[in-house]
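*Asks:* Below: one structure in structure tokens.
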Amino acid sequence: MKIPPQNTFSLAVGPSLVDPAGAPAPFDCATLSVPNLPRMATSQLSCCSFSPSILVMEALHALPGVRQVDVDERAGRVTVVYDYRLVNTETLSEALGEAGFPASV
């Protein structure tokens, strides 16, 4: 069993990335750079029970079409699997910015 590195969080929701007939679903994957993620954690959180990763996941999962979010706090990267028919990378970046975590693709 592979143990994920510390400060890496993942959450997947929604249907499988393969449809029942075995054809690939209309999903794409993007990695966004969030360089200030670790530094911002201390200054922006009012309660120590919420990590920046949870806030990032909540911001992205609120968007239609987001299926999986992986947050690597140490590297300052967020990888998102999403339905490209419903959301695009610009919208993903904007959602993170509005949540207080400026990001770029």
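In the structure tokens, the first chain shown is A, the next is B, and so on; residue numbers restart at 1 for each chain, and ligands run from 1 in the order shown.
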Need to verify the contact set: Gly97 (chain A), 12 Å, only C-alpha atoms, exclusion of same-chain residues closer than 2 positions in sequence. Can you return it as a PyMOL selection string?
*Replies:* chain A and resi 32-37+55-56+59-60+90-95+99-104
*Asks:* Write the selection just made, keeping N, CA and C atoms, as an mmCIF file, in the first residue's frame?
*Replies:*
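After the write, out00.cif holds the following:
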```cif
data_model
loop_
_atom_site.group_PDB
_atom_site.id
_atom_site.type_symbol
_atom_site.label_atom_id
_atom_site.label_comp_id
_atom_site.auth_asym_id
_atom_site.auth_seq_id
_atom_site.Cartn_x
_atom_site.Cartn_y
_atom_site.Cartn_z
ATOM 1 N N LEU A 32 -3.109 23.317 -11.043
ATOM 2 C CA LEU A 32 -3.017 24.753 -10.809
ATOM 3 C C LEU A 32 -1.936 25.024 -9.777
ATOM 4 N N SER A 33 -1.193 26.077 -10.011
ATOM 5 C CA SER A 33 -0.170 26.498 -9.068
ATOM 6 C C SER A 33 -0.795 27.463 -8.068
ATOM 7 N N VAL A 34 -0.643 27.146 -6.790
ATOM 8 C CA VAL A 34 -1.149 27.998 -5.708
ATOM 9 C C VAL A 34 0.043 28.275 -4.798
ATOM 10 N N PRO A 35 0.932 29.166 -5.224
ATOM 11 C CA PRO A 35 2.214 29.331 -4.531
ATOM 12 C C PRO A 35 2.112 29.803 -3.087
ATOM 13 N N ASN A 36 1.084 30.510 -2.719
ATOM 14 C CA ASN A 36 0.980 31.038 -1.355
ATOM 15 C C ASN A 36 0.147 30.156 -0.438
ATOM 16 N N LEU A 37 -0.188 28.973 -0.866
ATOM 17 C CA LEU A 37 -1.054 28.105 -0.068
ATOM 18 C C LEU A 37 -0.519 27.849 1.342
ATOM 19 N N LEU A 55 -10.447 24.165 2.570
ATOM 20 C CA LEU A 55 -11.045 25.357 1.966
ATOM 21 C C LEU A 55 -10.916 25.326 0.444
ATOM 22 N N VAL A 56 -9.770 24.878 -0.057
ATOM 23 C CA VAL A 56 -9.561 24.751 -1.497
ATOM 24 C C VAL A 56 -10.522 23.721 -2.077
ATOM 25 N N ALA A 59 -14.074 25.078 -2.204
ATOM 26 C CA ALA A 59 -14.245 26.086 -3.259
ATOM 27 C C ALA A 59 -14.381 25.432 -4.629
ATOM 28 N N LEU A 60 -13.587 24.407 -4.884
ATOM 29 C CA LEU A 60 -13.621 23.764 -6.195
ATOM 30 C C LEU A 60 -14.798 22.811 -6.351
ATOM 31 N N GLU A 90 -10.033 28.460 -16.395
ATOM 32 C CA GLU A 90 -10.182 29.853 -15.952
ATOM 33 C C GLU A 90 -11.147 29.941 -14.772
ATOM 34 N N THR A 91 -12.247 29.212 -14.856
ATOM 35 C CA THR A 91 -13.232 29.194 -13.771
ATOM 36 C C THR A 91 -12.645 28.572 -12.507
ATOM 37 N N LEU A 92 -11.842 27.520 -12.666
ATOM 38 C CA LEU A 92 -11.195 26.895 -11.511
ATOM 39 C C LEU A 92 -10.273 27.895 -10.810
ATOM 40 N N SER A 93 -9.466 28.606 -11.590
ATOM 41 C CA SER A 93 -8.556 29.609 -11.031
ATOM 42 C C SER A 93 -9.314 30.733 -10.340
ATOM 43 N N GLU A 94 -10.398 31.185 -10.965
ATOM 44 C CA GLU A 94 -11.203 32.263 -10.375
ATOM 45 C C GLU A 94 -11.810 31.831 -9.045
ATOM 46 N N ALA A 95 -12.292 30.592 -8.973
ATOM 47 C CA ALA A 95 -12.897 30.091 -7.732
ATOM 48 C C ALA A 95 -11.874 30.060 -6.605
ATOM 49 N N ALA A 99 -11.724 32.404 -3.130
ATOM 50 C CA ALA A 99 -11.613 31.762 -1.821
ATOM 51 C C ALA A 99 -10.385 32.244 -1.052
ATOM 52 N N GLY A 100 -9.592 33.128 -1.677
ATOM 53 C CA GLY A 100 -8.424 33.659 -1.006
ATOM 54 C C GLY A 100 -7.118 32.957 -1.342
ATOM 55 N N PHE A 101 -7.154 32.132 -2.380
ATOM 56 C CA PHE A 101 -5.980 31.384 -2.792
ATOM 57 C C PHE A 101 -5.703 31.638 -4.274
ATOM 58 N N PRO A 102 -5.058 32.756 -4.616
ATOM 59 C CA PRO A 102 -4.779 33.055 -6.023
ATOM 60 C C PRO A 102 -4.048 31.895 -6.688
ATOM 61 N N ALA A 103 -4.492 31.526 -7.894
ATOM 62 C CA ALA A 103 -3.938 30.367 -8.590
ATOM 63 C C ALA A 103 -3.750 30.670 -10.068
ATOM 64 N N SER A 104 -2.866 29.906 -10.680
ATOM 65 C CA SER A 104 -2.670 29.987 -12.126
ATOM 66 C C SER A 104 -2.490 28.575 -12.662
#
```
*Asks:* By how many Å are CA of Asp83 (chain A) and CA of Glu58 (chain A) apart?
*Replies:* 16.9 Å
*Asks:* Rounded to one decimal place, report the CA of Cys29 (chain A)-CA of Leu96 (chain A) distance in Å.
*Replies:*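 Interatomic distance here is 16.0 Å.
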